[in-house]
>>> print(open('run12.cif').read())   # mmCIF, C-alpha atoms
data_input
loop_
_atom_site.label_atom_id
_atom_site.label_comp_id
_atom_site.auth_asym_id
_atom_site.auth_seq_id
_atom_site.Cartn_x
_atom_site.Cartn_y
_atom_site.Cartn_z
CA MET A 1 -6.17 -13.75 -6.86
CA ARG A 2 -8.58 -16.34 -8.26
CA LEU A 3 -10.80 -13.55 -9.55
CA ILE A 4 -7.90 -11.67 -11.15
CA SER A 5 -6.60 -14.74 -12.98
CA ALA A 6 -10.12 -15.69 -14.10
CA PHE A 7 -10.61 -12.11 -15.34
CA PHE A 8 -7.40 -12.21 -17.41
CA ALA A 9 -8.07 -15.75 -18.68
CA GLY A 10 -11.48 -14.54 -19.89
CA GLY A 11 -9.83 -11.53 -21.50
CA LEU A 12 -7.19 -13.59 -23.30
CA PHE A 13 -9.85 -16.05 -24.46
CA GLY A 14 -11.96 -13.17 -25.79
CA VAL A 15 -9.13 -11.42 -27.65
CA GLY A 16 -8.15 -14.81 -29.11
CA LEU A 17 -11.72 -15.29 -30.33
CA LEU A 18 -11.67 -11.83 -31.95
CA ILE A 19 -8.26 -12.21 -33.64
CA SER A 20 -8.92 -15.74 -34.87
CA GLY A 21 -12.20 -14.82 -36.58
CA MET A 22 -14.47 -16.87 -34.30
CA THR A 23 -16.57 -13.77 -33.59
CA ASP A 24 -17.16 -13.24 -37.32
CA THR A 25 -20.19 -15.31 -38.27
CA ARG A 26 -19.15 -15.23 -41.93
CA LYS A 27 -15.92 -17.06 -41.16
CA VAL A 28 -17.67 -19.60 -38.94
CA ILE A 29 -20.41 -20.30 -41.48
CA GLY A 30 -17.73 -20.35 -44.19
CA TRP A 31 -15.93 -23.10 -42.28
CA LEU A 32 -19.09 -25.14 -41.82
CA ASP A 33 -19.99 -24.61 -45.48
CA ILE A 34 -18.25 -27.74 -46.71
CA PHE A 35 -20.35 -27.90 -49.87
CA GLY A 36 -20.03 -24.20 -50.66
CA ASP A 37 -17.07 -21.83 -50.60
CA TRP A 38 -15.19 -23.62 -47.80
CA ASP A 39 -12.99 -21.48 -45.52
CA PRO A 40 -10.36 -23.55 -43.66
CA THR A 41 -9.39 -20.83 -41.12
CA LEU A 42 -11.17 -22.42 -38.15
CA ALA A 43 -9.17 -25.62 -38.49
CA PHE A 44 -6.09 -23.49 -37.71
CA VAL A 45 -7.90 -21.92 -34.75
CA MET A 46 -8.78 -25.32 -33.31
CA GLY A 47 -5.26 -26.64 -33.91
CA GLY A 48 -3.67 -23.54 -32.42
CA ALA A 49 -5.84 -23.86 -29.31
CA ILE A 50 -5.57 -27.61 -28.81
CA ILE A 51 -1.75 -27.76 -28.84
CA PRO A 52 -1.09 -25.48 -25.80
CA MET A 53 -4.01 -27.05 -23.97
CA ALA A 54 -2.69 -30.59 -24.58
CA ILE A 55 0.62 -29.47 -23.02
CA ALA A 56 -1.31 -27.96 -20.10
CA TRP A 57 -3.06 -31.30 -19.42
CA GLN A 58 0.36 -32.99 -19.39
CA ILE A 59 1.68 -30.43 -16.89
CA ALA A 60 -1.45 -30.84 -14.76
CA ALA A 61 -0.92 -34.61 -14.68
CA ARG A 62 2.53 -34.09 -13.15
CA ARG A 63 1.36 -31.62 -10.50
CA SER A 64 -0.58 -32.27 -7.35
CA ALA A 65 -2.66 -29.08 -7.36
CA PRO A 66 -3.41 -25.90 -9.38
CA ALA A 67 -1.26 -22.83 -8.60
CA LEU A 68 -3.98 -21.20 -6.49
CA GLY A 69 -4.94 -24.37 -4.63
CA GLY A 70 -7.93 -26.65 -4.91
CA THR A 71 -7.90 -29.74 -7.10
CA PHE A 72 -7.59 -30.41 -10.81
CA PRO A 73 -10.85 -31.41 -12.48
CA THR A 74 -11.32 -35.15 -12.63
CA PRO A 75 -11.96 -36.64 -16.08
CA PRO A 76 -15.68 -37.17 -16.69
CA GLU A 77 -16.94 -40.72 -17.00
CA PRO A 78 -16.38 -41.83 -20.58
CA ARG A 79 -20.10 -42.33 -21.05
CA LEU A 80 -21.59 -41.48 -24.41
CA GLY A 81 -25.21 -40.87 -23.59
CA ARG A 82 -28.09 -39.68 -25.67
CA ASN A 83 -27.84 -36.24 -24.02
CA LEU A 84 -24.30 -35.76 -25.35
CA VAL A 85 -25.29 -36.64 -28.91
CA LEU A 86 -28.68 -34.93 -29.03
CA GLY A 87 -27.41 -31.80 -27.28
CA SER A 88 -24.47 -31.54 -29.67
CA VAL A 89 -26.76 -31.94 -32.68
CA LEU A 90 -29.04 -29.14 -31.44
CA PHE A 91 -26.04 -26.95 -30.69
CA GLY A 92 -24.50 -27.60 -34.11
CA ALA A 93 -27.77 -26.79 -35.87
CA GLY A 94 -27.93 -23.41 -34.12
CA TRP A 95 -24.22 -22.77 -34.66
CA GLY A 96 -24.58 -23.33 -38.41
CA LEU A 97 -27.72 -21.19 -38.55
CA ALA A 98 -26.29 -18.05 -36.90
CA GLY A 99 -22.52 -18.66 -36.86
CA LEU A 100 -22.14 -17.95 -33.14
CA CYS A 101 -21.28 -20.30 -30.29
CA PRO A 102 -21.39 -19.33 -26.58
CA GLY A 103 -17.89 -17.83 -26.14
CA PRO A 104 -17.97 -15.53 -29.19
CA ALA A 105 -21.60 -14.57 -28.45
CA ILE A 106 -20.47 -13.09 -25.12
CA ALA A 107 -17.15 -11.70 -26.37
CA SER A 108 -18.80 -9.76 -29.21
CA ILE A 109 -21.69 -8.32 -27.22
CA THR A 110 -20.23 -4.78 -27.15
CA TRP A 111 -20.11 -4.57 -30.95
CA GLY A 112 -22.56 -7.27 -32.04
CA GLY A 113 -25.52 -4.90 -32.43
CA THR A 114 -29.17 -5.98 -32.24
CA GLY A 115 -28.53 -9.39 -33.81
CA GLY A 116 -25.83 -10.20 -31.27
CA ALA A 117 -28.07 -9.13 -28.39
CA VAL A 118 -31.04 -11.16 -29.69
CA PHE A 119 -28.81 -14.22 -30.03
CA LEU A 120 -27.38 -13.83 -26.52
CA VAL A 121 -30.79 -13.35 -24.87
CA ALA A 122 -32.22 -16.38 -26.72
CA MET A 123 -29.14 -18.44 -25.80
CA ILE A 124 -29.56 -17.56 -22.11
CA LEU A 125 -33.26 -18.45 -22.26
CA GLY A 126 -32.31 -21.77 -23.86
CA MET A 127 -29.77 -22.41 -21.12
CA VAL A 128 -32.36 -21.68 -18.43
CA ALA A 129 -34.85 -24.00 -20.15
CA ALA A 130 -32.29 -26.78 -20.72
CA PRO A 131 -32.72 -28.63 -17.39
CA SER A 132 -36.46 -29.10 -17.97
CA VAL A 133 -35.88 -30.10 -21.62
CA LYS A 134 -33.37 -32.66 -20.35
CA LEU A 135 -35.85 -33.94 -17.79
CA SER A 136 -38.61 -34.41 -20.35
CA LEU A 137 -36.14 -36.23 -22.61
CA ALA A 138 -35.35 -38.60 -19.74
CA ARG A 139 -39.07 -39.14 -19.12
CA GLY A 140 -39.65 -39.89 -22.79
CA GLN A 141 -36.91 -42.49 -22.63
CA THR A 142 -38.43 -44.39 -19.70
CA ALA A 143 -42.08 -44.07 -20.82
CA MET B 144 -7.16 -13.03 -47.32
CA PRO B 145 -3.83 -14.85 -47.27
CA GLN B 146 -3.02 -13.95 -43.65
CA ASP B 147 -6.30 -15.36 -42.32
CA TRP B 148 -4.76 -18.66 -41.34
CA ILE B 149 -1.93 -16.90 -39.46
CA LEU B 150 -4.46 -14.85 -37.50
CA GLY B 151 -6.43 -18.05 -36.91
CA LEU B 152 -3.38 -19.82 -35.56
CA LEU B 153 -2.38 -16.83 -33.41
CA GLY B 154 -5.89 -16.31 -32.02
CA GLY B 155 -6.23 -20.06 -31.51
CA ALA B 156 -2.99 -20.12 -29.52
CA MET B 157 -4.36 -17.32 -27.31
CA ILE B 158 -7.54 -19.35 -26.74
CA GLY B 159 -5.43 -22.40 -25.86
CA LEU B 160 -3.19 -20.38 -23.52
CA ALA B 161 -6.24 -18.91 -21.78
CA ALA B 162 -7.63 -22.43 -21.27
CA ALA B 163 -4.20 -23.59 -20.05
CA ALA B 164 -3.97 -20.73 -17.54
CA TYR B 165 -7.50 -21.33 -16.27
CA LEU B 166 -6.63 -25.00 -15.72
CA LEU B 167 -3.14 -24.63 -14.23
CA ILE B 168 -3.87 -21.55 -12.08
CA ASN B 169 -7.55 -21.82 -11.16
CA GLY B 170 -7.93 -25.57 -11.61
CA ARG B 171 -10.98 -25.20 -13.83
CA VAL B 172 -11.99 -26.39 -17.29
CA MET B 173 -12.56 -23.37 -19.53
CA GLY B 174 -15.94 -24.08 -21.08
CA ALA B 175 -17.88 -20.98 -22.12
CA SER B 176 -21.32 -22.65 -22.04
CA GLY B 177 -20.66 -24.12 -18.60
CA ILE B 178 -19.40 -20.83 -17.19
CA ILE B 179 -22.35 -18.77 -18.39
CA GLY B 180 -24.95 -21.56 -18.10
CA SER B 181 -24.19 -22.36 -14.48
CA LEU B 182 -24.54 -18.67 -13.62
CA VAL B 183 -27.87 -18.13 -15.36
CA ASP B 184 -29.47 -21.33 -14.05
CA ARG B 185 -27.90 -20.71 -10.61
CA SER B 186 -26.22 -24.11 -10.46
CA ALA B 187 -22.80 -22.44 -9.87
CA LYS B 188 -22.18 -22.43 -6.15
CA GLU B 189 -18.84 -21.50 -4.58
CA ASN B 190 -17.29 -20.62 -7.95
CA ALA B 191 -19.93 -18.11 -9.02
CA THR B 192 -17.77 -14.99 -8.53
CA GLU B 193 -14.80 -16.60 -10.30
CA ARG B 194 -17.02 -17.40 -13.28
CA ALA B 195 -18.46 -13.89 -13.26
CA ALA B 196 -14.90 -12.45 -13.25
CA PHE B 197 -14.09 -14.63 -16.28
CA LEU B 198 -17.13 -13.29 -18.13
CA VAL B 199 -16.29 -9.66 -17.28
CA GLY B 200 -12.84 -10.19 -18.82
CA LEU B 201 -14.42 -11.95 -21.79
CA VAL B 202 -16.58 -8.88 -22.52
CA LEU B 203 -14.13 -6.06 -21.69
CA PHE B 204 -10.87 -7.15 -23.37
CA PRO B 205 -12.16 -8.05 -26.84
CA GLY B 206 -14.57 -5.09 -26.62
CA ALA B 207 -11.64 -2.72 -26.02
CA ALA B 208 -9.51 -4.43 -28.68
CA ALA B 209 -12.29 -4.23 -31.27
CA PHE B 210 -12.94 -0.59 -30.39
CA ALA B 211 -9.24 0.33 -30.57
CA THR B 212 -8.63 -1.38 -33.90
CA GLY B 213 -12.05 -0.88 -35.42
CA THR B 214 -12.11 -4.53 -36.46
CA GLY B 215 -15.17 -5.83 -34.67
CA ASP B 216 -17.89 -7.00 -37.00
CA THR B 217 -19.92 -10.11 -36.35
CA HIS B 218 -22.01 -9.94 -39.56
CA VAL B 219 -24.97 -11.49 -37.74
CA SER B 220 -27.92 -12.20 -40.04
CA GLY B 221 -30.60 -9.52 -40.17
CA ASN B 222 -33.30 -12.19 -39.87
CA LEU B 223 -33.84 -11.84 -36.13
CA VAL B 224 -36.36 -14.69 -35.92
CA LEU B 225 -33.74 -17.11 -37.23
CA VAL B 226 -31.10 -15.55 -34.98
CA ALA B 227 -33.34 -16.07 -31.95
CA LEU B 228 -34.06 -19.66 -32.99
CA ALA B 229 -30.32 -20.27 -33.38
CA GLY B 230 -29.65 -18.79 -29.93
CA LEU B 231 -32.27 -21.07 -28.35
CA LEU B 232 -30.78 -24.14 -30.05
CA VAL B 233 -27.25 -23.21 -28.96
CA GLY B 234 -28.37 -22.54 -25.37
CA VAL B 235 -30.41 -25.72 -24.95
CA GLY B 236 -27.99 -27.91 -26.89
CA THR B 237 -24.78 -26.90 -25.13
CA ARG B 238 -26.33 -27.36 -21.68
CA ILE B 239 -27.83 -30.76 -22.54
CA ALA B 240 -24.53 -31.89 -24.06
CA ASN B 241 -22.68 -30.26 -21.14
CA GLY B 242 -20.21 -28.39 -23.34
CA CYS B 243 -19.56 -26.36 -26.47
CA THR B 244 -16.65 -25.50 -28.76
CA SER B 245 -14.36 -24.45 -25.89
CA GLY B 246 -15.27 -27.15 -23.35
CA HIS B 247 -15.75 -30.22 -25.57
CA GLY B 248 -13.70 -28.94 -28.51
CA VAL B 249 -10.59 -27.29 -27.07
CA CYS B 250 -10.44 -28.73 -23.53
CA GLY B 251 -11.92 -32.16 -24.33
CA ILE B 252 -10.05 -33.06 -27.51
CA SER B 253 -6.72 -31.89 -26.02
CA ARG B 254 -7.01 -34.51 -23.24
CA LEU B 255 -8.27 -37.09 -25.77
CA SER B 256 -11.64 -37.27 -24.03
CA LEU B 257 -13.97 -39.59 -25.93
CA ARG B 258 -16.95 -37.45 -24.91
CA GLY B 259 -15.25 -34.32 -26.25
CA ILE B 260 -14.36 -35.97 -29.56
CA VAL B 261 -17.84 -37.45 -30.08
CA ALA B 262 -19.55 -34.15 -29.16
CA THR B 263 -17.30 -32.25 -31.59
CA VAL B 264 -18.00 -34.70 -34.43
CA PHE B 265 -21.75 -34.29 -33.88
CA TYR B 266 -21.87 -30.51 -33.51
CA ILE B 267 -19.62 -29.90 -36.52
CA GLY B 268 -21.61 -32.47 -38.52
CA ALA B 269 -24.90 -30.85 -37.51
CA GLY B 270 -23.42 -27.41 -38.21
CA GLY B 271 -22.40 -28.45 -41.73
CA LEU B 272 -25.84 -29.96 -42.33
CA SER B 273 -27.50 -26.82 -40.97
CA VAL B 274 -25.60 -24.66 -43.47
CA VAL B 275 -26.63 -27.00 -46.31
CA VAL B 276 -30.30 -26.90 -45.30
CA PHE B 277 -30.75 -23.26 -44.28
CA ARG B 278 -28.31 -21.65 -46.70
CA HIS B 279 -28.26 -23.80 -49.80
CA LEU B 280 -31.63 -25.58 -49.82
CA LEU B 281 -33.91 -23.03 -48.16
CA GLY B 282 -31.81 -19.92 -48.84
CA TRP B 283 -32.84 -18.32 -45.53
CA VAL B 284 -29.39 -17.09 -44.45
#
>>> encode(input="run12.cif", output="structure tokens")
Amino acid sequence: MRLISAFFAGGLFGVGLLISGMTDTRKVIGWLDIFGDWDPTLAFVMGGAIIPMAIAWQIAARRSAPALGGTFPTPPEPRLGRNLVLGSVLFGAGWGLAGLCPGPAIASITWGGTGGAVFLVAMILGMVAAPSVKLSLARGQTA
Amino acid sequence: MPQDWILGLLGGAMIGLAAAAYLLINGRVMGASGIIGSLVDRSAKENATERAAFLVGLVLFPGAAAFATGTGDTHVSGNLVLVALAGLLVGVGTRIANGCTSGHGVCGISRLSLRGIVATVFYIGAGGLSVVVFRHLLGWV
């Protein structure tokens, strides 16, 4: 059951990414292009996604456990470390450069062509390398 | 196109409903970078198959929808060196920050998480700056 619901959640997420324009790098770059020909579509995507999810958090707060058992995720410590900021800056730089973030990069792999495949492989390599990058950042901080 | 914002809102609602279902049914935060990242660096333990099932759905459903409607076009830049650099930055950055647009953006902001809000401000800010530098100043993309 857990696998089936995860499968359909992934599917719904993916179709939502396609319909909303998140898998179209032109729309994403257009949204980030505040000083150029700005495209406001992604603000509607974020708004449309945040509203149902905010309701879901409220429902979760009133329930003891998820429908298929286990526990609800605990809120992370409200710590704003250097990793959060630096990681987000690196991510944003790449997002603005290619117009793809992790979800759409995976969702569009069947039609994304060579460019999509190159992006996905590089993203996976970056993800594999991330723990050692993080470690060397921590070392640099203490040295 | 005038209907772009309607499609954005509709697609956004589907993204939010998917995240809501993943939370209320499976008890998990729907963060794309966490789901794929924990599989490729093997840090996912008991939830590995659940995450893999999510990714299979994430590839198959939009793939079928794009094929059926003939709408799929990512318009990825032809400059593959820049595309690879962007992929590396996105991969390293999202794992160091522990989240991306879905995890920090959709799931974090909706629970008013300070971490999610701060991350989103920085990645959108850096994204805007990146477009200014690479597109307008350097003219690379």
>>> atom_distance(input="run12.cif", atom1="CA of Gly115 (chain A)", atom2="CA of Gly271 (chain B)")
21.5 Å
>>> resolve_selection(input="run12.cif", expression="the PyMOL selection byres ((chain B and resi 221-235) around 10)", output="NGL selection string")
(:A and (87-102 or 105 or 114-134)) or (:B and (176 or 179-180 or 218-220 or 236-241 or 243 or 277 or 283-284))
>>> residues_near_point(input="run12.cif", point="(-18.9, -32.5, -30.1)", cutoff="10 Å", atoms="all atoms listed in the file", output="ChimeraX atom specification")
/A:84-85,87-89,91-92 /B:237,240-244,246-248,251-252,257-269
>>> atom_distance(input="run12.cif", atom1="CA of Leu166 (chain B)", atom2="CA of Leu255 (chain B)")
15.8 Å
>>> residues_around(input="run12.cif", residues="region 42-53 of chain A", least_positions_apart="2", cutoff="6 Å", atoms="all atoms listed in the file", output="PyMOL selection string")
(chain A and resi 40+55-56) or (chain B and resi 151-152+155-156+158-160+163+249+253)
>>> resolve_selection(input="run12.cif", expression="the PyMOL selection byres ((chain B and resi 192) around 12)", output="ChimeraX atom specification")
/A:1-4,6-7 /B:178-179,181-182,185,187-191,193-199
>>> closest_residue(input="run12.cif", among="B:Thr212, B:Thr217, B:Ala207, B:Gly282", to="chain A", atoms="all atoms listed in the file")
B:Thr217
>>> atom_distance(input="run12.cif", atom1="CA of Trp148 (chain B)", atom2="CA of Gly14 (chain A)")
18.0 Å
>>> closest_residue(input="run12.cif", among="A:Ala107, A:Gly81, A:Ser64, A:Leu137", to="chain B", atoms="only C-alpha atoms")
A:Ala107
>>> axis_aligned_box(input="run12.cif", around="region 204-223 of chain B", padding_each_side="6 Å", output="lines of an AutoDock Vina configuration file")
center_x = -21.2
center_y = -5.9
center_z = -31.8
size_x = 37.2
size_y = 24.5
size_z = 28.8
>>> closest_residue(input="run12.cif", among="A:Gly30, A:Asn83, A:Gly113, A:Ala61", to="chain B", atoms="all atoms listed in the file")
A:Asn83
>>> closest_residue(input="run12.cif", among="B:Asp147, B:Gly174, B:Leu153, B:Tyr165", to="Gly103 (chain A)", atoms="all atoms listed in the file")
B:Gly174
>>> residues_around(input="run12.cif", residues="region 167-171 of chain B", least_positions_apart="3", cutoff="9 Å", atoms="only C-alpha atoms", output="PyMOL selection string")
(chain A and resi 2+5-6+56-57+59-60+65-73) or (chain B and resi 162-164+174+193)
>>> write_last_selection(input="run12.cif", atoms="C-alpha atoms", output="mmCIF file, keeping the file's coordinate frame")
data_model
loop_
_atom_site.group_PDB
_atom_site.id
_atom_site.type_symbol
_atom_site.label_atom_id
_atom_site.label_comp_id
_atom_site.auth_asym_id
_atom_site.auth_seq_id
_atom_site.Cartn_x
_atom_site.Cartn_y
_atom_site.Cartn_z
ATOM 1 C CA ARG A 2 -8.580 -16.340 -8.260
ATOM 2 C CA SER A 5 -6.600 -14.740 -12.980
ATOM 3 C CA ALA A 6 -10.120 -15.690 -14.100
ATOM 4 C CA ALA A 56 -1.310 -27.960 -20.100
ATOM 5 C CA TRP A 57 -3.060 -31.300 -19.420
ATOM 6 C CA ILE A 59 1.680 -30.430 -16.890
ATOM 7 C CA ALA A 60 -1.450 -30.840 -14.760
ATOM 8 C CA ALA A 65 -2.660 -29.080 -7.360
ATOM 9 C CA PRO A 66 -3.410 -25.900 -9.380
ATOM 10 C CA ALA A 67 -1.260 -22.830 -8.600
ATOM 11 C CA LEU A 68 -3.980 -21.200 -6.490
ATOM 12 C CA GLY A 69 -4.940 -24.370 -4.630
ATOM 13 C CA GLY A 70 -7.930 -26.650 -4.910
ATOM 14 C CA THR A 71 -7.900 -29.740 -7.100
ATOM 15 C CA PHE A 72 -7.590 -30.410 -10.810
ATOM 16 C CA PRO A 73 -10.850 -31.410 -12.480
ATOM 17 C CA ALA B 162 -7.630 -22.430 -21.270
ATOM 18 C CA ALA B 163 -4.200 -23.590 -20.050
ATOM 19 C CA ALA B 164 -3.970 -20.730 -17.540
ATOM 20 C CA GLY B 174 -15.940 -24.080 -21.080
ATOM 21 C CA GLU B 193 -14.800 -16.600 -10.300
#
>>> residues_around(input="run12.cif", residues="Met157 (chain B)", least_positions_apart="4", cutoff="8 Å", atoms="only C-alpha atoms", output="list of chain:residue names")
A:Leu12, A:Phe13, A:Val15, A:Gly16, A:Ala49, B:Leu153, B:Ala161
>>> closest_residue(input="run12.cif", among="B:Leu272, B:Leu201, B:Leu280, B:Ile149", to="chain A", atoms="only C-alpha atoms")
B:Leu201
>>> closest_residue(input="run12.cif", among="B:Asp184, B:Met173, B:Gln146, B:His279", to="chain A", atoms="all atoms listed in the file")
B:Asp184
>>> build_atoms(input="run12.cif", residues="region 221-231 of chain B", atoms="all heavy atoms", output="PDB file, in the coordinates of the input")
ATOM      1  N   GLY B 221     -29.561 -10.481 -40.507  1.00  0.00           N
ATOM      2  CA  GLY B 221     -30.600  -9.520 -40.170  1.00  0.00           C
ATOM      3  C   GLY B 221     -31.937 -10.177 -39.863  1.00  0.00           C
ATOM      4  O   GLY B 221     -32.859  -9.522 -39.376  1.00  0.00           O
ATOM      5  N   ASN B 222     -32.054 -11.475 -40.152  1.00  0.00           N
ATOM      6  CA  ASN B 222     -33.300 -12.190 -39.870  1.00  0.00           C
ATOM      7  C   ASN B 222     -33.333 -12.576 -38.388  1.00  0.00           C
ATOM      8  O   ASN B 222     -32.825 -13.617 -37.972  1.00  0.00           O
ATOM      9  CB  ASN B 222     -33.371 -13.439 -40.750  1.00  0.00           C
ATOM     10  CG  ASN B 222     -34.727 -14.118 -40.656  1.00  0.00           C
ATOM     11  OD1 ASN B 222     -35.429 -13.986 -39.646  1.00  0.00           O
ATOM     12  ND2 ASN B 222     -35.092 -14.820 -41.710  1.00  0.00           N
ATOM     13  N   LEU B 223     -33.929 -11.681 -37.578  1.00  0.00           N
ATOM     14  CA  LEU B 223     -33.840 -11.840 -36.130  1.00  0.00           C
ATOM     15  C   LEU B 223     -34.613 -13.044 -35.610  1.00  0.00           C
ATOM     16  O   LEU B 223     -34.288 -13.579 -34.552  1.00  0.00           O
ATOM     17  CB  LEU B 223     -34.304 -10.551 -35.424  1.00  0.00           C
ATOM     18  CG  LEU B 223     -33.396  -9.333 -35.681  1.00  0.00           C
ATOM     19  CD1 LEU B 223     -33.912  -8.116 -34.918  1.00  0.00           C
ATOM     20  CD2 LEU B 223     -31.947  -9.620 -35.309  1.00  0.00           C
ATOM     21  N   VAL B 224     -35.629 -13.483 -36.341  1.00  0.00           N
ATOM     22  CA  VAL B 224     -36.360 -14.690 -35.920  1.00  0.00           C
ATOM     23  C   VAL B 224     -35.438 -15.902 -35.991  1.00  0.00           C
ATOM     24  O   VAL B 224     -35.359 -16.708 -35.055  1.00  0.00           O
ATOM     25  CB  VAL B 224     -37.614 -14.903 -36.797  1.00  0.00           C
ATOM     26  CG1 VAL B 224     -38.310 -16.204 -36.434  1.00  0.00           C
ATOM     27  CG2 VAL B 224     -38.566 -13.726 -36.643  1.00  0.00           C
ATOM     28  N   LEU B 225     -34.694 -15.996 -37.093  1.00  0.00           N
ATOM     29  CA  LEU B 225     -33.740 -17.110 -37.230  1.00  0.00           C
ATOM     30  C   LEU B 225     -32.612 -16.989 -36.208  1.00  0.00           C
ATOM     31  O   LEU B 225     -32.163 -17.995 -35.654  1.00  0.00           O
ATOM     32  CB  LEU B 225     -33.146 -17.131 -38.641  1.00  0.00           C
ATOM     33  CG  LEU B 225     -34.015 -17.681 -39.757  1.00  0.00           C
ATOM     34  CD1 LEU B 225     -33.206 -17.760 -41.037  1.00  0.00           C
ATOM     35  CD2 LEU B 225     -34.560 -19.061 -39.387  1.00  0.00           C
ATOM     36  N   VAL B 226     -32.162 -15.765 -35.956  1.00  0.00           N
ATOM     37  CA  VAL B 226     -31.100 -15.550 -34.980  1.00  0.00           C
ATOM     38  C   VAL B 226     -31.551 -16.002 -33.593  1.00  0.00           C
ATOM     39  O   VAL B 226     -30.810 -16.671 -32.867  1.00  0.00           O
ATOM     40  CB  VAL B 226     -30.652 -14.059 -34.979  1.00  0.00           C
ATOM     41  CG1 VAL B 226     -29.739 -13.763 -33.813  1.00  0.00           C
ATOM     42  CG2 VAL B 226     -29.940 -13.726 -36.286  1.00  0.00           C
ATOM     43  N   ALA B 227     -32.798 -15.669 -33.246  1.00  0.00           N
ATOM     44  CA  ALA B 227     -33.340 -16.070 -31.950  1.00  0.00           C
ATOM     45  C   ALA B 227     -33.474 -17.599 -31.872  1.00  0.00           C
ATOM     46  O   ALA B 227     -33.133 -18.214 -30.850  1.00  0.00           O
ATOM     47  CB  ALA B 227     -34.702 -15.411 -31.716  1.00  0.00           C
ATOM     48  N   LEU B 228     -33.946 -18.201 -32.956  1.00  0.00           N
ATOM     49  CA  LEU B 228     -34.060 -19.660 -32.990  1.00  0.00           C
ATOM     50  C   LEU B 228     -32.682 -20.308 -32.806  1.00  0.00           C
ATOM     51  O   LEU B 228     -32.517 -21.261 -32.029  1.00  0.00           O
ATOM     52  CB  LEU B 228     -34.678 -20.107 -34.327  1.00  0.00           C
ATOM     53  CG  LEU B 228     -34.705 -21.617 -34.583  1.00  0.00           C
ATOM     54  CD1 LEU B 228     -35.669 -22.306 -33.619  1.00  0.00           C
ATOM     55  CD2 LEU B 228     -35.101 -21.932 -36.023  1.00  0.00           C
ATOM     56  N   ALA B 229     -31.682 -19.749 -33.492  1.00  0.00           N
ATOM     57  CA  ALA B 229     -30.320 -20.270 -33.380  1.00  0.00           C
ATOM     58  C   ALA B 229     -29.818 -20.149 -31.949  1.00  0.00           C
ATOM     59  O   ALA B 229     -29.213 -21.076 -31.405  1.00  0.00           O
ATOM     60  CB  ALA B 229     -29.396 -19.517 -34.339  1.00  0.00           C
ATOM     61  N   GLY B 230     -30.076 -19.002 -31.319  1.00  0.00           N
ATOM     62  CA  GLY B 230     -29.650 -18.790 -29.930  1.00  0.00           C
ATOM     63  C   GLY B 230     -30.273 -19.814 -28.999  1.00  0.00           C
ATOM     64  O   GLY B 230     -29.597 -20.383 -28.137  1.00  0.00           O
ATOM     65  N   LEU B 231     -31.585 -20.066 -29.178  1.00  0.00           N
ATOM     66  CA  LEU B 231     -32.270 -21.070 -28.350  1.00  0.00           C
ATOM     67  C   LEU B 231     -31.622 -22.440 -28.518  1.00  0.00           C
ATOM     68  O   LEU B 231     -31.350 -23.141 -27.540  1.00  0.00           O
ATOM     69  CB  LEU B 231     -33.752 -21.158 -28.738  1.00  0.00           C
ATOM     70  CG  LEU B 231     -34.699 -20.142 -28.125  1.00  0.00           C
ATOM     71  CD1 LEU B 231     -36.091 -20.315 -28.716  1.00  0.00           C
ATOM     72  CD2 LEU B 231     -34.761 -20.288 -26.600  1.00  0.00           C
TER      73      LEU B 231
END
